[in-house]
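One file, query_12.cif, carrying mmCIF, C-alpha atoms:
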data_target
#
loop_
_atom_site.group_PDB
_atom_site.id
_atom_site.type_symbol
_atom_site.label_atom_id
_atom_site.label_comp_id
_atom_site.auth_asym_id
_atom_site.auth_seq_id
_atom_site.Cartn_x
_atom_site.Cartn_y
_atom_site.Cartn_z
ATOM 1 C CA MET Q 1 51.319 67.110 62.746
ATOM 2 C CA GLU Q 2 51.751 70.729 61.625
ATOM 3 C CA SER Q 3 54.253 71.743 58.999
ATOM 4 C CA ALA Q 4 56.479 74.749 59.511
ATOM 5 C CA PRO Q 5 56.088 77.236 56.666
ATOM 6 C CA THR Q 6 59.833 77.921 56.498
ATOM 7 C CA ARG Q 7 61.249 74.403 56.671
ATOM 8 C CA LEU Q 8 61.771 72.320 53.540
ATOM 9 C CA TYR Q 9 60.970 68.646 53.478
ATOM 10 C CA PRO Q 10 63.156 65.833 52.086
ATOM 11 C CA ARG Q 11 61.864 66.209 48.524
ATOM 12 C CA HIS Q 12 63.560 69.618 48.434
ATOM 13 C CA PHE Q 13 66.878 68.255 49.655
ATOM 14 C CA LEU Q 14 68.554 68.026 46.272
ATOM 15 C CA LEU Q 15 67.534 71.602 45.446
ATOM 16 C CA ILE Q 16 69.355 73.109 48.416
ATOM 17 C CA ALA Q 17 72.246 70.676 48.850
ATOM 18 C CA THR Q 18 74.694 72.548 46.671
ATOM 19 C CA LEU Q 19 73.599 75.945 48.032
ATOM 20 C CA VAL Q 20 74.071 75.216 51.703
ATOM 21 C CA CYS Q 21 76.810 72.782 52.664
ATOM 22 C CA ALA Q 22 79.003 73.614 49.665
ATOM 23 C CA GLY Q 23 78.788 77.406 50.024
ATOM 24 C CA ALA Q 24 80.633 79.791 47.754
ATOM 25 C CA VAL Q 25 82.448 81.864 50.389
ATOM 26 C CA SER Q 26 86.171 81.199 50.100
ATOM 27 C CA ALA Q 27 88.857 81.706 52.719
ATOM 28 C CA GLN Q 28 92.602 81.330 52.509
ATOM 29 C CA MET Q 29 93.720 78.396 54.630
ATOM 30 C CA ARG Q 30 96.236 79.106 57.363
ATOM 31 C CA PRO Q 31 99.534 77.249 57.290
ATOM 32 C CA SER Q 32 99.424 73.901 59.045
ATOM 33 C CA GLN Q 33 99.841 74.294 62.786
ATOM 34 C CA PRO Q 34 102.213 71.990 64.647
ATOM 35 C CA GLN Q 35 100.376 69.192 66.355
ATOM 36 C CA ILE Q 36 100.502 69.052 70.139
ATOM 37 C CA LYS Q 37 101.111 65.594 71.452
ATOM 38 C CA ALA Q 38 98.883 64.557 74.331
ATOM 39 C CA LYS Q 39 100.785 63.629 77.456
ATOM 40 C CA ALA Q 40 98.956 60.391 78.102
ATOM 41 C CA GLN Q 41 98.492 58.617 74.796
ATOM 42 C CA ARG Q 42 96.483 55.449 75.210
ATOM 43 C CA PRO Q 43 97.762 52.223 73.651
ATOM 44 C CA GLY Q 44 96.080 50.587 70.710
ATOM 45 C CA ILE Q 45 95.362 51.446 67.104
ATOM 46 C CA GLN Q 46 92.091 53.131 66.175
ATOM 47 C CA PHE Q 47 90.831 51.987 62.797
ATOM 48 C CA THR Q 48 89.938 54.824 60.458
ATOM 49 C CA ARG Q 49 88.280 54.031 57.171
ATOM 50 C CA GLU Q 50 90.115 55.621 54.254
ATOM 51 C CA PHE Q 51 88.286 58.105 52.020
ATOM 52 C CA PRO Q 52 90.667 59.385 49.287
ATOM 53 C CA ASN Q 53 88.808 62.671 48.891
ATOM 54 C CA VAL Q 54 88.752 63.557 52.597
ATOM 55 C CA VAL Q 55 91.515 65.254 54.583
ATOM 56 C CA ILE Q 56 91.665 64.568 58.337
ATOM 57 C CA THR Q 57 93.642 66.959 60.529
ATOM 58 C CA THR Q 58 94.408 66.291 64.185
ATOM 59 C CA ASN Q 59 94.100 69.153 66.646
ATOM 60 C CA TRP Q 60 94.225 69.555 70.427
ATOM 61 C CA VAL Q 61 91.810 71.707 72.405
ATOM 62 C CA LYS Q 62 92.190 72.312 76.120
ATOM 63 C CA ASN Q 63 89.239 71.665 78.417
ATOM 64 C CA PRO Q 64 89.321 74.831 80.552
ATOM 65 C CA THR Q 65 87.768 73.049 83.524
ATOM 66 C CA THR Q 66 89.957 69.955 83.701
ATOM 67 C CA GLY Q 67 93.059 71.168 81.900
ATOM 68 C CA ALA Q 68 93.000 68.028 79.737
ATOM 69 C CA GLN Q 69 94.142 68.213 76.118
ATOM 70 C CA LEU Q 70 91.298 66.857 73.993
ATOM 71 C CA ARG Q 71 91.945 65.328 70.595
ATOM 72 C CA VAL Q 72 89.762 66.915 67.926
ATOM 73 C CA LEU Q 73 89.648 65.647 64.345
ATOM 74 C CA LEU Q 74 88.523 67.970 61.561
ATOM 75 C CA LEU Q 75 87.453 66.349 58.298
ATOM 76 C CA LYS Q 76 86.971 68.201 55.043
ATOM 77 C CA ALA Q 77 86.718 67.297 51.376
ATOM 78 C CA LYS Q 78 89.965 67.910 49.471
ATOM 79 C CA ASP Q 79 88.225 69.878 46.743
ATOM 80 C CA LYS Q 80 86.768 72.342 49.286
ATOM 81 C CA LEU Q 81 89.799 73.043 51.462
ATOM 82 C CA ALA Q 82 89.799 76.751 50.550
ATOM 83 C CA THR Q 83 86.057 77.201 51.108
ATOM 84 C CA LYS Q 84 84.247 78.140 54.300
ATOM 85 C CA LEU Q 85 81.708 75.413 54.970
ATOM 86 C CA PRO Q 86 79.124 74.694 57.671
ATOM 87 C CA ALA Q 87 80.305 72.309 60.369
ATOM 88 C CA LEU Q 88 78.706 69.454 62.267
ATOM 89 C CA VAL Q 89 80.187 68.588 65.659
ATOM 90 C CA LEU Q 90 79.614 64.874 66.261
ATOM 91 C CA ILE Q 91 79.005 63.808 69.877
ATOM 92 C CA PRO Q 92 79.632 60.095 70.529
ATOM 93 C CA GLY Q 93 77.184 57.845 72.333
ATOM 94 C CA GLY Q 94 77.758 55.582 75.321
ATOM 95 C CA ASN Q 95 81.327 55.914 76.534
ATOM 96 C CA GLY Q 96 82.482 56.227 72.934
ATOM 97 C CA ASP Q 97 85.024 58.449 71.243
ATOM 98 C CA SER Q 98 85.800 59.740 67.760
ATOM 99 C CA SER Q 99 86.346 56.233 66.391
ATOM 100 C CA LEU Q 100 82.571 55.722 66.489
ATOM 101 C CA PHE Q 101 82.311 58.128 63.556
ATOM 102 C CA LEU Q 102 85.498 57.264 61.651
ATOM 103 C CA SER Q 103 85.359 53.466 61.509
ATOM 104 C CA ARG Q 104 82.810 51.078 59.999
ATOM 105 C CA GLN Q 105 80.862 53.055 57.408
ATOM 106 C CA GLY Q 106 82.904 56.194 58.035
ATOM 107 C CA MET Q 107 80.097 58.557 59.042
ATOM 108 C CA ALA Q 108 82.371 61.552 59.524
ATOM 109 C CA GLN Q 109 84.098 60.959 56.190
ATOM 110 C CA GLU Q 110 80.759 60.737 54.381
ATOM 111 C CA ILE Q 111 79.573 63.946 56.022
ATOM 112 C CA ALA Q 112 82.709 65.634 54.697
ATOM 113 C CA GLU Q 113 82.086 64.228 51.216
ATOM 114 C CA LEU Q 114 78.539 65.595 51.373
ATOM 115 C CA GLY Q 115 79.952 69.105 51.716
ATOM 116 C CA CYS Q 116 80.098 69.857 55.441
ATOM 117 C CA VAL Q 117 83.041 70.009 57.814
ATOM 118 C CA ALA Q 118 82.809 67.054 60.200
ATOM 119 C CA ILE Q 119 84.309 67.480 63.654
ATOM 120 C CA ALA Q 120 84.812 64.392 65.821
ATOM 121 C CA PHE Q 121 86.491 64.379 69.217
ATOM 122 C CA ASP Q 122 87.555 62.276 72.179
ATOM 123 C CA PRO Q 123 85.991 63.521 75.437
ATOM 124 C CA ASP Q 124 88.064 63.573 78.629
ATOM 125 C CA GLY Q 125 89.400 60.116 79.460
ATOM 126 C CA ARG Q 126 88.466 58.553 76.126
ATOM 127 C CA GLY Q 127 90.356 57.711 72.961
ATOM 128 C CA GLN Q 128 93.568 59.706 72.780
ATOM 129 C CA SER Q 129 92.471 62.565 75.042
ATOM 130 C CA GLU Q 130 93.872 63.247 78.471
ATOM 131 C CA GLY Q 131 91.779 63.372 81.605
ATOM 132 C CA ARG Q 132 89.284 61.122 83.329
ATOM 133 C CA GLU Q 133 85.932 59.723 82.241
ATOM 134 C CA ASP Q 134 83.033 62.006 83.254
ATOM 135 C CA TYR Q 135 80.058 60.155 81.718
ATOM 136 C CA CYS Q 136 78.799 63.264 79.855
ATOM 137 C CA GLY Q 137 78.647 65.379 83.028
ATOM 138 C CA PHE Q 138 79.557 69.036 83.427
ATOM 139 C CA LYS Q 139 83.285 68.445 82.835
ATOM 140 C CA HIS Q 140 82.607 66.734 79.514
ATOM 141 C CA GLN Q 141 80.155 69.488 78.627
ATOM 142 C CA ASP Q 142 82.743 72.163 79.395
ATOM 143 C CA GLY Q 143 85.185 70.427 77.069
ATOM 144 C CA LEU Q 144 82.589 70.311 74.308
ATOM 145 C CA ALA Q 145 81.888 74.026 74.757
ATOM 146 C CA ALA Q 146 85.583 74.742 74.208
ATOM 147 C CA ILE Q 147 85.556 72.597 71.057
ATOM 148 C CA VAL Q 148 82.547 74.417 69.597
ATOM 149 C CA ARG Q 149 84.193 77.780 70.237
ATOM 150 C CA TRP Q 150 87.409 76.473 68.703
ATOM 151 C CA ALA Q 151 85.513 75.297 65.628
ATOM 152 C CA ALA Q 152 84.093 78.781 65.076
ATOM 153 C CA GLN Q 153 87.655 80.117 64.836
ATOM 154 C CA GLN Q 154 88.830 77.717 62.139
ATOM 155 C CA PRO Q 155 89.472 79.350 58.744
ATOM 156 C CA GLY Q 156 87.593 76.671 56.817
ATOM 157 C CA VAL Q 157 84.464 76.784 59.001
ATOM 158 C CA ASP Q 158 81.541 79.144 58.546
ATOM 159 C CA ALA Q 159 81.077 80.356 62.137
ATOM 160 C CA GLU Q 160 77.448 81.235 61.398
ATOM 161 C CA ARG Q 161 76.638 77.622 60.499
ATOM 162 C CA ILE Q 162 77.720 75.222 63.208
ATOM 163 C CA GLY Q 163 75.405 72.473 64.424
ATOM 164 C CA LEU Q 164 75.635 69.733 67.054
ATOM 165 C CA CYS Q 165 74.742 66.130 66.210
ATOM 166 C CA SER Q 166 74.501 63.684 69.103
ATOM 167 C CA ASN Q 167 74.514 59.918 68.956
ATOM 168 C CA SER Q 168 72.534 58.002 71.595
ATOM 169 C CA TYR Q 169 73.762 58.913 75.131
ATOM 170 C CA GLY Q 170 75.711 61.784 73.604
ATOM 171 C CA VAL Q 171 72.456 63.746 73.827
ATOM 172 C CA THR Q 172 73.254 64.258 77.510
ATOM 173 C CA MET Q 173 76.442 66.123 76.620
ATOM 174 C CA GLY Q 174 74.727 67.948 73.762
ATOM 175 C CA THR Q 175 71.672 69.179 75.653
ATOM 176 C CA GLY Q 176 73.745 69.939 78.729
ATOM 177 C CA VAL Q 177 76.257 72.128 76.910
ATOM 178 C CA LEU Q 178 73.564 74.101 75.074
ATOM 179 C CA ALA Q 179 71.489 74.541 78.230
ATOM 180 C CA ARG Q 180 74.465 75.755 80.261
ATOM 181 C CA PHE Q 181 76.205 77.815 77.556
ATOM 182 C CA ALA Q 182 73.467 79.644 75.701
ATOM 183 C CA ASP Q 183 76.021 81.898 73.988
ATOM 184 C CA LEU Q 184 77.678 79.063 72.063
ATOM 185 C CA PRO Q 185 77.897 79.588 68.279
ATOM 186 C CA ALA Q 186 75.674 76.575 67.554
ATOM 187 C CA ARG Q 187 72.522 76.746 65.448
ATOM 188 C CA PHE Q 188 70.737 73.551 66.523
ATOM 189 C CA LEU Q 189 70.932 70.117 68.079
ATOM 190 C CA ILE Q 190 70.119 66.952 66.146
ATOM 191 C CA ASP Q 191 69.529 64.094 68.591
ATOM 192 C CA TRP Q 192 69.610 60.509 67.319
ATOM 193 C CA GLU Q 193 67.634 58.286 69.716
ATOM 194 C CA GLY Q 194 69.113 59.737 72.898
ATOM 195 C CA PRO Q 195 68.012 58.345 76.297
ATOM 196 C CA MET Q 196 66.256 60.832 78.531
ATOM 197 C CA ASP Q 197 67.137 60.061 82.160
ATOM 198 C CA ARG Q 198 68.440 57.644 84.794
ATOM 199 C CA ASN Q 199 65.639 55.202 84.039
ATOM 200 C CA ASP Q 200 67.112 54.708 80.576
ATOM 201 C CA THR Q 201 70.802 54.855 81.398
ATOM 202 C CA GLY Q 202 70.921 53.639 84.990
ATOM 203 C CA GLY Q 203 68.284 50.909 84.937
ATOM 204 C CA CYS Q 204 66.249 52.789 87.542
ATOM 205 C CA ASP Q 205 62.725 52.128 86.241
ATOM 206 C CA PRO Q 206 60.989 49.603 88.552
ATOM 207 C CA ASN Q 207 58.497 48.873 85.796
ATOM 208 C CA LYS Q 208 61.280 47.531 83.581
ATOM 209 C CA PRO Q 209 63.020 44.898 85.701
ATOM 210 C CA GLY Q 210 66.254 43.653 84.254
ATOM 211 C CA MET Q 211 66.650 46.669 81.996
ATOM 212 C CA GLY Q 212 70.129 47.963 82.598
ATOM 213 C CA GLY Q 213 72.083 50.835 81.208
ATOM 214 C CA HIS Q 214 75.750 51.591 80.766
ATOM 215 C CA LEU Q 215 75.694 53.693 83.967
ATOM 216 C CA LYS Q 216 74.005 51.088 86.135
ATOM 217 C CA SER Q 217 77.265 50.090 87.796
ATOM 218 C CA VAL Q 218 78.546 53.681 87.939
ATOM 219 C CA ALA Q 219 75.990 55.497 90.100
ATOM 220 C CA LYS Q 220 73.088 54.630 92.388
ATOM 221 C CA CYS Q 221 69.628 55.706 91.371
ATOM 222 C CA ASP Q 222 69.310 58.082 94.345
ATOM 223 C CA ASP Q 223 72.645 59.843 93.747
ATOM 224 C CA GLU Q 224 71.166 63.246 92.932
ATOM 225 C CA ASN Q 225 74.545 64.981 92.674
ATOM 226 C CA PHE Q 226 75.517 62.584 89.898
ATOM 227 C CA TRP Q 227 72.248 62.603 87.984
ATOM 228 C CA ARG Q 228 71.646 66.353 88.024
ATOM 229 C CA GLU Q 229 74.478 66.604 85.474
ATOM 230 C CA ARG Q 230 73.387 63.681 83.326
ATOM 231 C CA GLU Q 231 69.666 63.625 82.470
ATOM 232 C CA ALA Q 232 68.942 65.061 79.043
ATOM 233 C CA VAL Q 233 65.216 65.482 79.682
ATOM 234 C CA ASN Q 234 66.043 68.123 82.296
ATOM 235 C CA PHE Q 235 68.280 70.058 79.873
ATOM 236 C CA VAL Q 236 66.382 69.956 76.597
ATOM 237 C CA GLY Q 237 63.712 72.479 77.600
ATOM 238 C CA LYS Q 238 66.442 75.069 78.247
ATOM 239 C CA LEU Q 239 67.704 75.037 74.669
ATOM 240 C CA ARG Q 240 67.377 78.324 72.803
ATOM 241 C CA VAL Q 241 68.135 76.791 69.438
ATOM 242 C CA PRO Q 242 66.034 74.353 67.379
ATOM 243 C CA TYR Q 243 65.861 70.736 68.517
ATOM 244 C CA GLN Q 244 65.544 67.897 66.001
ATOM 245 C CA ARG Q 245 64.822 64.384 67.250
ATOM 246 C CA LEU Q 246 65.530 61.354 65.067
ATOM 247 C CA GLN Q 247 63.658 58.270 66.196
ATOM 248 C CA SER Q 248 62.829 54.928 64.641
ATOM 249 C CA ALA Q 249 59.933 52.644 65.497
ATOM 250 C CA LYS Q 250 62.275 50.313 67.366
ATOM 251 C CA ASP Q 251 64.836 52.097 69.497
ATOM 252 C CA HIS Q 252 68.413 50.894 69.209
ATOM 253 C CA VAL Q 253 68.634 50.192 72.983
ATOM 254 C CA GLN Q 254 65.434 50.931 74.902
ATOM 255 C CA ARG Q 255 62.491 48.556 75.007
ATOM 256 C CA ASP Q 256 60.208 51.262 73.637
ATOM 257 C CA ASN Q 257 60.538 54.745 72.193
ATOM 258 C CA HIS Q 258 58.470 56.557 74.813
ATOM 259 C CA HIS Q 259 61.550 58.546 75.815
ATOM 260 C CA ALA Q 260 61.456 60.239 72.401
ATOM 261 C CA ILE Q 261 57.982 61.595 73.121
ATOM 262 C CA ALA Q 262 59.106 62.710 76.585
ATOM 263 C CA MET Q 263 62.081 64.587 75.122
ATOM 264 C CA VAL Q 264 59.930 66.319 72.508
ATOM 265 C CA ASN Q 265 57.302 67.295 75.078
ATOM 266 C CA ALA Q 266 59.966 68.618 77.468
ATOM 267 C CA ALA Q 267 61.386 70.747 74.652
ATOM 268 C CA LEU Q 268 57.929 72.157 73.911
ATOM 269 C CA ALA Q 269 57.250 72.876 77.568
ATOM 270 C CA GLY Q 270 60.513 74.763 77.851
ATOM 271 C CA GLY Q 271 59.826 76.996 74.870
ATOM 272 C CA VAL Q 272 62.495 75.692 72.487
ATOM 273 C CA PRO Q 273 62.306 77.831 69.297
ATOM 274 C CA GLU Q 274 61.623 74.879 66.981
ATOM 275 C CA VAL Q 275 60.911 71.255 67.828
ATOM 276 C CA TRP Q 276 61.035 68.554 65.178
ATOM 277 C CA LEU Q 277 60.462 64.817 65.300
ATOM 278 C CA ASN Q 278 61.787 63.278 62.098
ATOM 279 C CA ASP Q 279 59.930 65.181 59.344
ATOM 280 C CA ASP Q 280 57.172 66.546 61.593
ATOM 281 C CA PHE Q 281 57.169 70.081 62.968
ATOM 282 C CA ILE Q 282 55.782 69.702 66.479
ATOM 283 C CA LYS Q 283 53.681 72.445 68.080
ATOM 284 C CA GLN Q 284 51.450 70.446 70.423
ATOM 285 C CA PRO Q 285 52.444 67.846 73.055
ATOM 286 C CA LEU Q 286 52.528 64.285 71.775
ATOM 287 C CA ASP Q 287 50.348 61.530 73.188
ATOM 288 C CA LEU Q 288 51.614 57.997 73.751
ATOM 289 C CA LYS Q 289 48.173 56.699 72.770
ATOM 290 C CA ARG Q 290 48.458 58.412 69.394
ATOM 291 C CA PRO Q 291 52.095 57.969 68.464
ATOM 292 C CA PRO Q 292 53.627 60.056 65.681
ATOM 293 C CA LYS Q 293 55.178 58.743 62.500
ATOM 294 C CA TRP Q 294 58.477 57.018 63.244
ATOM 295 C CA LEU Q 295 61.373 56.547 60.875
ATOM 296 C CA PRO Q 296 61.804 53.070 59.396
ATOM 297 C CA ASP Q 297 64.415 51.221 61.432
ATOM 298 C CA ALA Q 298 66.776 50.787 58.500
ATOM 299 C CA GLU Q 299 66.653 54.498 57.634
ATOM 300 C CA ALA Q 300 67.469 55.528 61.203
ATOM 301 C CA ASP Q 301 70.638 53.437 61.390
ATOM 302 C CA ARG Q 302 73.218 55.350 63.429
ATOM 303 C CA SER Q 303 75.863 54.714 60.782
ATOM 304 C CA ASN Q 304 73.835 56.648 58.223
ATOM 305 C CA PRO Q 305 75.168 60.226 57.849
ATOM 306 C CA GLN Q 306 72.585 61.265 55.280
ATOM 307 C CA LEU Q 307 69.989 62.006 57.959
ATOM 308 C CA TYR Q 308 72.306 64.289 59.898
ATOM 309 C CA VAL Q 309 73.253 66.178 56.748
ATOM 310 C CA LYS Q 310 69.729 66.368 55.359
ATOM 311 C CA TYR Q 311 68.219 67.909 58.469
ATOM 312 C CA ALA Q 312 71.270 70.082 59.080
ATOM 313 C CA LYS Q 313 71.005 71.602 55.611
ATOM 314 C CA GLU Q 314 67.353 72.397 56.141
ATOM 315 C CA MET Q 315 67.976 74.071 59.488
ATOM 316 C CA PHE Q 316 71.041 75.975 58.305
ATOM 317 C CA ALA Q 317 68.981 77.383 55.463
ATOM 318 C CA TYR Q 318 65.611 78.042 57.061
ATOM 319 C CA SER Q 319 65.589 77.824 60.855
ATOM 320 C CA PRO Q 320 66.087 81.019 62.835
ATOM 321 C CA LYS Q 321 69.176 81.524 64.918
ATOM 322 C CA GLY Q 322 68.591 80.965 68.601
ATOM 323 C CA ARG Q 323 69.021 83.945 70.859
ATOM 324 C CA ALA Q 324 72.039 83.817 73.141
ATOM 325 C CA THR Q 325 69.915 84.268 76.267
ATOM 326 C CA LYS Q 326 68.773 81.862 78.924
#

Hey, can you dump this file as C-alpha cells for me?
Amino acid sequence: MESAPTRLYPRHFLLIATLVCAGAVSAQMRPSQPQIKAKAQRPGIQFTREFPNVVITTNWVKNPTTGAQLRVLLLKAKDKLATKLPALVLIPGGNGDSSLFLSRQGMAQEIAELGCVAIAFDPDGRGQSEGREDYCGFKHQDGLAAIVRWAAQQPGVDAERIGLCSNSYGVTMGTGVLARFADLPARFLIDWEGPMDRNDTGGCDPNKPGMGGHLKSVAKCDDENFWREREAVNFVGKLRVPYQRLQSAKDHVQRDNHHAIAMVNAALAGGVPEVWLNDDFIKQPLDLKRPPKWLPDAEADRSNPQLYVKYAKEMFAYSPKGRATK
C-alpha cells in the first residue's frame, strides 16, 4: 500500500494529540439555554456511564423534513469548557440511538476526555427523539444534516474541525448525508465496519443462505424505492471529503469482510479526495485475492474510542478540506 506524504501514522499520535483536539483557541461560553422537552418521551431509563470530568448537555434540534425534535447530547471535558475544540458526531449502528455511545465503556465520554467534543444523538423514532423510524433513509439523513449544521454553531465547537464517525449500519446515514449535502461543514467520514448494501442488511445474497440482516423483515429485496436511500456503497463514491474505513479481520456481523474492499473501491472509483483503510493510504483498487492488512479484532472493538480519535486527529491536522461541490 502507498503512504500519503501528509498523513501521520500512529507512532506520531502522541506528538500531535495535544496540538489538535485540545486546541488553544478560547471562546466564552453562552449562558445555558433552556431545554426543550420532546413531546413524545419514550418510557424507560437509559443508562449513562458516569465520567466525573465530562459534562453532558441535552439539546433539541428540529429535523426540517419531518418536523421531529431530535435529542442531541453534547459531551465536553470540564477543564475545556471555555475552549473551542474539534467535534466528532457519532452515528449509531443498527436501529440504535445515543445510548450505544454513552453506556458500557462510555465511548462518547472517553472521546470527550481525549480532548474532542463528542456529539451523540437519537435519530427520528429512536431513544428520546420524536418521529418515526426511517432505517437511515433520507429522513434520517436530513436530521443528521441539521445536527451537523447545529454543531458548527455551538460556541465550544471549532466549526472548521467537525468529523463524522459511523458505527456499523450508521455508515448508511453517514455516507448518505455527505453525498446529498456536499456543503456540510464536515471534514471526513470514519466508517467502522459498515455494511455496504441490501445483501448485507437485507439478507439478499443468494450465495449466503440463512444470512439475515436487521432489515430483512422490513423491506423486500426488490423494493428499489426503499433501497435507493439505504445502500452505502452507492453513496460513498460521491463523498467530497476523505473517507477512512476501519475493518478487522473478522467482521462484527458479516461472514467475511469483502464489503470493506467493495466500499474502498467504490470510494476510489468515485474520486473521493482521500481513501484510507486502517493505516493504509489507498490509491489503487484492492483485490480480494490479495487482501490488505486488517486490524486485529480486539483493536477494532466498536467500544474503543481511541481509534476514532486517533484517525480524526490525523485528518484534522493533515487532510485537505473537501470542496463543497458535487

### Task
Take the PyMOL selection byres ((chain Q and resi 81) around 10), apply it to the structure above, and return the hits as a list in words.
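Output from the PyMOL selection byres ((chain Q and resi 81) around 10), applied to this file: Ser26, Ala27, Gln28, Met29, Val54, Val55, Leu75, Lys76, Ala77, Lys78, Asp79, Lys80, Ala82, Thr83, Lys84, Leu85, Val117, Pro155, Gly156 and Val157 of chain Q.
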
Of the candidates Q:Gly137, Q:Pro291, Q:Pro92, Q:Pro86, which shows the shortest atom-to-atom distance to Trp192 (chain Q), using all atoms listed in the file?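 So, comparing all the options, the nearest one is Q:Pro92.
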
Give the centre and edge lengths of an axis-aligned box, in Å to one decimal, that holds all listed atoms of region 107-122 of chain Q with 4 Å on each side, as AutoDock Vina command-line options.
--center_x 83.0 --center_y 64.3 --center_z 61.7 --size_x 17.0 --size_y 19.5 --size_z 29.0

Margin query: Would you compute the distance between CA of Lys139 (chain Q) and CA of Pro273 (chain Q)? Give it in Å to one decimal.
Written below: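 So the answer is 26.7 Å.
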
Across Q:Asn225, Q:Ser248, Q:Thr48, Q:Gln69, the smallest distance to Leu102 (chain Q), with all atoms listed in the file counted, is shown by Q:Thr48

For Thr66 (chain Q): contacts at 10 Å, all atoms listed in the file, fewer than 5 positions along chain excluded, given as number ranges by chain
Q: 124, 130-132, 139-140, 142-143

Spatial sel., origin (71.2, 56.9, 83.7), limit 8 Å, only C-alpha atoms, listed as a PyMOL selection string: chain Q and resi 197-204+213-216+221+227+230-231

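When only C-alpha atoms are used to measure the gap to Ser166 (chain Q), the shortest distance among Q:Leu100, Q:Cys116, Q:Val89, Q:Ala152 belongs to Q:Val89.
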
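Nearest to Leu178 (chain Q) of all the residues Q:Ala219, Q:Ala108, Q:Leu164, Q:Leu286 is Q:Leu164, based on only C-alpha atoms.
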
Here CA of Trp150 (chain Q) and CA of Thr65 (chain Q) stand apart by 15.2 Å

- Using all atoms listed in the file, which of Q:His252, Q:Arg245, Q:Arg49, Q:Arg180 sits nearest Glu229 (chain Q)?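 Selected residue with least distance to Glu229 (chain Q): Q:Arg180.
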
Pick the closest to Glu133 (chain Q) from Q:Asp97, Q:Asp256, Q:Asp158, Q:Asp287: which is it, counting only C-alpha atoms?
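Selected residue with least distance to Glu133 (chain Q): Q:Asp97.
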
Hits from the PyMOL selection byres ((chain Q and resi 57) around 8), listed as a list in words: Val55, Ile56, Thr58, Asn59, Leu73, Leu74 and Leu75 of chain Q

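Our summary of the geometry notes that CA of Phe121 (chain Q) is positioned 12.4 Å from CA of Gln141 (chain Q).
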
Can you translate the PyMOL selection byres ((chain Q and resi 161) around 12) into the concrete residues it hits in this file, as a PyMOL selection string?
chain Q and resi 20-23+84-89+116-117+148+151-152+156-160+162-164+184-188+312-322

Q: Give me the residues within 10 Å of Arg71 (chain Q) as number ranges by chain, counting only C-alpha atoms and dropping any in the same chain fewer than 6 places off.
A: Q: 36-38, 58-62, 97-98, 120-124, 126-130, 147
